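Asks: Got a file for you: coords_8.txt, compact mmCIF, C-alpha atoms.
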# COMPACT_ATOMS: atom_id res chain seq x y z
CA MET A 1 49.46 78.27 -70.02
CA ILE A 2 52.55 76.53 -68.60
CA ASP A 3 51.97 74.68 -65.34
CA LYS A 4 53.20 76.82 -62.42
CA ARG A 5 55.23 73.87 -61.16
CA ILE A 6 57.53 74.30 -64.17
CA GLN A 7 60.09 76.99 -63.38
CA ASN A 8 62.88 78.68 -65.28
CA VAL A 9 66.29 77.16 -64.51
CA GLY A 10 67.93 80.58 -64.22
CA GLU A 11 65.45 81.77 -61.60
CA MET A 12 65.80 78.56 -59.60
CA ALA A 13 69.60 78.82 -59.78
CA LYS A 14 69.45 82.41 -58.53
CA GLU A 15 67.43 81.29 -55.48
CA ALA A 16 69.84 78.40 -54.85
CA PHE A 17 72.88 80.72 -54.93
CA ILE A 18 71.16 83.09 -52.49
CA GLU A 19 70.56 80.15 -50.14
CA LEU A 20 74.17 78.98 -50.56
CA ASN A 21 75.42 82.45 -49.66
CA LYS A 22 73.30 82.43 -46.50
CA ILE A 23 74.91 79.13 -45.49
CA GLN A 24 78.41 80.38 -46.32
CA THR A 25 77.94 83.56 -44.28
CA GLY A 26 76.37 81.74 -41.34
CA LYS A 27 72.89 83.23 -41.73
CA HIS A 28 71.60 79.70 -42.26
CA LYS A 29 73.30 76.95 -40.29
CA ILE A 30 73.90 73.39 -41.43
CA LEU A 31 72.09 71.19 -38.93
CA LYS A 32 74.49 68.82 -37.15
CA THR A 33 73.36 65.41 -35.91
CA GLY A 34 76.30 64.98 -33.54
CA LEU A 35 77.05 61.62 -35.18
CA SER A 36 80.16 61.36 -37.34
CA GLU A 37 78.57 59.00 -39.88
CA PHE A 38 76.17 61.78 -40.86
CA ASP A 39 78.22 64.91 -40.19
CA THR A 40 81.61 64.12 -41.74
CA HIS A 41 80.47 64.39 -45.37
CA ILE A 42 79.31 68.04 -45.55
CA GLY A 43 79.24 68.92 -41.87
CA GLY A 44 75.60 68.10 -41.24
CA LEU A 45 72.22 68.26 -43.00
CA LEU A 46 70.80 70.75 -45.47
CA PRO A 47 67.10 71.75 -45.28
CA GLY A 48 64.81 69.19 -46.88
CA GLU A 49 67.23 66.30 -46.46
CA VAL A 50 65.95 62.90 -45.39
CA ILE A 51 67.87 60.36 -43.31
CA CYS A 52 66.63 56.77 -43.55
CA VAL A 53 68.00 54.27 -41.03
CA ALA A 54 67.13 50.63 -41.75
CA SER A 55 68.29 47.36 -40.20
CA LYS A 56 66.91 44.23 -38.60
CA SER A 57 65.00 44.31 -35.33
CA GLY A 58 67.12 44.86 -32.21
CA ALA A 59 70.05 46.47 -34.03
CA GLY A 60 69.75 49.75 -32.12
CA LYS A 61 67.94 51.97 -34.64
CA SER A 62 65.67 53.61 -32.06
CA HIS A 63 68.62 54.20 -29.73
CA LYS A 64 70.50 55.94 -32.56
CA LEU A 65 67.43 58.03 -33.40
CA TYR A 66 66.99 59.30 -29.83
CA ASN A 67 70.70 60.08 -29.53
CA MET A 68 70.48 62.00 -32.78
CA LEU A 69 67.46 63.99 -31.62
CA ASP A 70 69.13 64.79 -28.30
CA ASN A 71 72.19 66.02 -30.19
CA MET A 72 70.25 68.09 -32.70
CA LEU A 73 68.46 69.94 -29.90
CA ASP A 74 71.64 70.47 -27.87
CA VAL A 75 73.01 74.03 -28.08
CA ASN A 76 76.53 72.60 -27.71
CA VAL A 77 76.02 70.79 -31.04
CA ASN A 78 73.80 73.35 -32.82
CA LYS A 79 74.10 76.92 -31.56
CA ASP A 80 70.59 77.77 -32.79
CA ALA A 81 68.98 74.70 -31.22
CA ASN A 82 66.76 76.77 -28.94
CA ASP A 83 64.98 77.88 -32.12
CA TYR A 84 64.41 74.27 -33.29
CA VAL A 85 61.37 72.03 -32.73
CA SER A 86 60.86 68.32 -33.26
CA LEU A 87 57.87 66.06 -33.82
CA GLU A 88 58.45 62.36 -33.15
CA TYR A 89 56.07 59.70 -34.45
CA SER A 90 56.91 56.95 -31.97
CA PHE A 91 54.83 54.04 -33.24
CA GLU A 92 56.90 51.23 -31.76
CA MET A 93 58.27 52.47 -28.45
CA LYS A 94 56.11 54.10 -25.78
CA MET A 95 57.41 56.71 -23.35
CA LEU A 96 57.81 54.20 -20.50
CA ASN A 97 60.03 52.01 -22.68
CA LYS A 98 62.15 55.03 -23.64
CA ILE A 99 62.56 56.03 -20.00
CA VAL A 100 63.57 52.50 -18.95
CA ARG A 101 66.15 52.37 -21.75
CA LYS A 102 67.57 55.76 -20.85
CA THR A 103 67.63 54.86 -17.16
CA HIS A 104 69.65 51.77 -18.05
CA SER A 105 72.11 54.03 -19.86
CA ILE A 106 72.29 56.62 -17.06
CA LEU A 107 72.56 54.26 -14.09
CA GLY A 108 74.16 51.24 -15.74
CA LYS A 109 71.54 48.97 -14.14
CA LYS A 110 69.85 45.96 -15.67
CA LYS A 111 66.37 46.71 -16.92
CA SER A 112 64.96 43.98 -14.68
CA ASP A 113 66.48 45.71 -11.63
CA ILE A 114 65.12 49.09 -12.74
CA LEU A 115 61.61 47.64 -12.87
CA LYS A 116 61.69 45.90 -9.46
CA ASP A 117 63.92 48.12 -7.27
CA SER A 118 63.19 51.66 -6.07
CA PHE A 119 65.86 54.25 -6.78
CA THR A 120 68.45 55.09 -4.13
CA GLU A 121 68.82 58.75 -3.11
CA GLU A 122 71.81 59.13 -5.45
CA GLU A 123 69.88 57.50 -8.30
CA GLN A 124 66.86 59.70 -7.60
CA GLN A 125 69.01 62.79 -8.09
CA LYS A 126 70.26 61.55 -11.46
CA MET A 127 66.76 60.61 -12.56
CA TRP A 128 65.41 63.98 -11.43
CA GLU A 129 67.96 65.65 -13.68
CA TYR A 130 66.88 63.38 -16.55
CA ASN A 131 63.19 64.11 -15.89
CA THR A 132 63.94 67.84 -15.90
CA SER A 133 65.58 67.49 -19.31
CA LEU A 134 62.36 65.93 -20.64
CA GLN A 135 60.36 69.05 -19.77
CA ASP A 136 61.36 70.48 -23.14
CA LYS A 137 58.78 72.65 -24.90
CA ARG A 138 60.62 72.18 -28.19
CA ARG A 139 59.81 68.46 -28.40
CA PHE A 140 56.51 66.85 -29.34
CA VAL A 141 55.52 63.22 -29.78
CA CYS A 142 52.69 61.17 -31.27
CA GLN A 143 52.62 57.57 -30.09
CA GLU A 144 49.15 56.71 -31.41
CA PRO A 145 48.80 54.78 -34.70
CA VAL A 146 48.11 57.06 -37.66
CA SER A 147 47.55 56.49 -41.37
CA VAL A 148 49.84 58.04 -43.98
CA ASP A 149 47.14 60.63 -44.79
CA GLU A 150 46.89 61.55 -41.10
CA PHE A 151 50.70 61.72 -40.89
CA TYR A 152 50.74 64.16 -43.80
CA GLU A 153 47.99 66.41 -42.42
CA MET A 154 49.37 66.39 -38.85
CA THR A 155 52.91 67.08 -40.01
CA ARG A 156 51.83 69.82 -42.42
CA THR A 157 49.84 71.54 -39.67
CA PHE A 158 52.82 71.25 -37.29
CA CYS A 159 55.15 72.74 -39.90
CA LYS A 160 52.75 75.62 -40.63
CA GLU A 161 52.54 76.42 -36.91
CA HIS A 162 56.35 76.44 -36.61
CA ILE A 163 57.24 77.93 -39.97
CA ASP A 164 59.19 80.69 -38.20
CA LYS A 165 61.58 78.21 -36.54
CA LYS A 166 65.09 77.73 -37.85
CA ALA A 167 64.60 73.96 -38.02
CA ILE A 168 61.69 71.54 -37.83
CA ILE A 169 62.82 67.95 -37.26
CA ILE A 170 60.30 65.21 -38.10
CA SER A 171 61.03 61.58 -37.21
CA ALA A 172 59.04 58.36 -37.64
CA ASP A 173 59.90 55.15 -35.79
CA HIS A 174 59.11 53.17 -37.78
CA ILE A 175 57.48 53.68 -41.17
CA LEU A 176 56.14 50.13 -41.53
CA LEU A 177 53.85 50.79 -38.57
CA PHE A 178 51.55 53.27 -40.27
CA SER A 179 48.00 52.05 -39.68
CA ASP A 180 47.29 51.56 -43.40
CA GLY A 181 46.52 47.97 -44.33
CA ASP A 182 48.86 47.56 -47.31
CA LYS A 183 52.30 48.26 -45.81
CA GLN A 184 54.18 48.42 -49.11
CA LYS A 185 51.77 50.97 -50.54
CA ALA A 186 51.88 52.89 -47.25
CA VAL A 187 55.66 53.21 -47.43
CA GLU A 188 55.49 54.36 -51.06
CA LYS A 189 52.77 56.88 -50.20
CA ALA A 190 54.69 58.12 -47.15
CA THR A 191 57.71 58.75 -49.38
CA ASP A 192 55.55 60.88 -51.67
CA MET A 193 54.15 62.79 -48.68
CA VAL A 194 57.63 63.50 -47.31
CA ASN A 195 58.71 64.81 -50.70
CA LYS A 196 55.69 67.13 -50.83
CA LEU A 197 56.38 68.46 -47.34
CA LYS A 198 60.07 69.13 -47.90
CA LEU A 199 59.22 71.09 -51.05
CA GLU A 200 56.60 73.15 -49.22
CA PHE A 201 58.65 73.96 -46.12
CA SER A 202 62.23 75.18 -46.39
CA ASN A 203 63.14 74.50 -42.75
CA VAL A 204 62.12 70.84 -42.38
CA TYR A 205 64.34 67.75 -41.90
CA PHE A 206 63.21 64.11 -41.82
CA ILE A 207 64.57 61.02 -40.05
CA LEU A 208 62.80 57.79 -41.02
CA ILE A 209 63.36 54.45 -39.31
CA SER A 210 62.53 51.11 -40.91
CA GLN A 211 63.08 47.39 -40.31
CA THR A 212 64.55 45.19 -43.00
CA ASN A 213 63.03 41.97 -41.65
CA ARG A 214 59.38 43.04 -41.89
Mind converting the file's structure to structure tokens?
Replies:
Amino acid sequence: MIDKRIQNVGEMAKEAFIELNKIQTGKHKILKTGLSEFDTHIGGLLPGEVICVASKSGAGKSHKLYNMLDNMLDVNVNKDANDYVSLEYSFEMKMLNKIVRKTHSILGKKKSDILKDSFTEEEQQKMWEYNTSLQDKRRFVCQEPVSVDEFYEMTRTFCKEHIDKKAIIISADHILLFSDGDKQKAVEKATDMVNKLKLEFSNVYFILISQTNR
């Protein structure tokens, strides 16, 4: 008996043309990142696509990731964004660090001043608006160390629970910080796990962050 993973080309092509028609007619939307370097080629991302952002430490990878996630979940960028969910594996940056960085961006204050000075009334209003934006039931985060196997099981469970959503966005910042001992093998294994997940779930997108100097 032929392995069920081997499929007839004609049948697979038929499914692909059906999916293409859904995109052409607007039934399925191309997911926009809001960043020209990713959106100018075909207008955004197709289901199952993987973005990998890699550079040396301090180059602004995490900042780009969080801007991208904000954009993807913004209805002004993606009209169906209210039917999206995201799961962020934030291994390197904790929530406090994210908030301090964003506060620096919102208020234009030095991080040292943010940490030692209380907010003025005007600043409090701006930060209240920012805090309100964080009360988003579409966004989930894991900031505890996990192994690649745990990443796979947690992500698969998350995808199964949100299989009815129009988009599931999975991000990992960054992939060299999986708790597995052998980092090279962990990255290779994580790549295999991502490939398995994107084949199983038709509404999942991945953004992976890595450092080139580790």
Asks: Using CA of Leu45 in chain A and CA of Phe206 in chain A as the two end points, give the distance in Å to one decimal.
Replies: 10.0 Å
Asks: What are the nearest atom pairs, with distances in Å to one decimal, for all residues of range 128-208 of chain A that come at most 10 Å from range 63-69 of chain A, using all atoms listed in the file, set out by chain and rising residue number as JSON lines?
Replies:
{"residue": "A:Arg139", "atom": "CA", "partner": "A:Leu69", "partner_atom": "CA", "distance": 9.4}
{"residue": "A:Ile169", "atom": "CA", "partner": "A:Leu69", "partner_atom": "CA", "distance": 8.3}
{"residue": "A:Ile170", "atom": "CA", "partner": "A:Leu69", "partner_atom": "CA", "distance": 9.7}
{"residue": "A:Ser171", "atom": "CA", "partner": "A:Leu65", "partner_atom": "CA", "distance": 8.3}
{"residue": "A:Ala172", "atom": "CA", "partner": "A:Leu65", "partner_atom": "CA", "distance": 9.4}
{"residue": "A:Asp173", "atom": "CA", "partner": "A:Leu65", "partner_atom": "CA", "distance": 8.4}
{"residue": "A:Ile207", "atom": "CA", "partner": "A:Leu65", "partner_atom": "CA", "distance": 7.8}
{"residue": "A:Leu208", "atom": "CA", "partner": "A:Leu65", "partner_atom": "CA", "distance": 8.9}
Asks: Taking into account all atoms listed in the file, which residue in the set A:Leu107, A:Leu96, A:Leu177, A:Leu87 is nearest to Cys142 in chain A?
Replies: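 Nearest candidate to Cys142 in chain A out of A:Leu107, A:Leu96, A:Leu177, A:Leu87: A:Leu87.
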Asks: Box for range 58-61 of chain A: with edges along x, y and z, all listed atoms inside and 4 Å added on each side, what are the centre and edge lengths in Å to one decimal, as AutoDock Vina command-line options?
Replies:
--center_x 68.6 --center_y 48.4 --center_z -33.4 --size_x 10.9 --size_y 15.1 --size_z 10.5
Asks: Show me, as a tab-separated table, the residues of range 126-200 of chain A having an atom within 12 Å of range 12-29 of chain A, each with the closest atom pair and its distance in Å, using all atoms listed in the file.
Replies:
residue	atom	partner	partner_atom	distance
A:Lys165	CA	A:His28	CA	11.6
A:Lys166	CA	A:His28	CA	8.1
A:Ala167	CA	A:Lys29	CA	9.5
Asks: For a quick check of your reading of the model, name the residues lying within 9 Å of the coordinate (50.9, 53.5, -44.4), counting only C-alpha atoms, and write them as number ranges by chain.
Replies: A: 146-149, 151, 175-190
Asks: Near Val141 in chain A, counting all atoms listed in the file, which residues have an atom at most 9 Å away, once you skip same-chain residues fewer than 3 positions from it, shown as a compact mmCIF listing (two decimals) with C-alpha atoms, in the frame of the given file?
Replies:
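The resulting file, out.txt, is shown below:
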# COMPACT_ATOMS: atom_id res chain seq x y z
CA SER A 86 60.86 68.32 -33.26
CA LEU A 87 57.87 66.06 -33.82
CA GLU A 88 58.45 62.36 -33.15
CA TYR A 89 56.07 59.70 -34.45
CA SER A 90 56.91 56.95 -31.97
Asks: Quick one: residues within 8 Å of Met72 in chain A, all atoms listed in the file counted, chain neighbours fewer than 4 positions away excluded, as number ranges by chain?
Replies: A: 31-34, 68, 77-78, 81
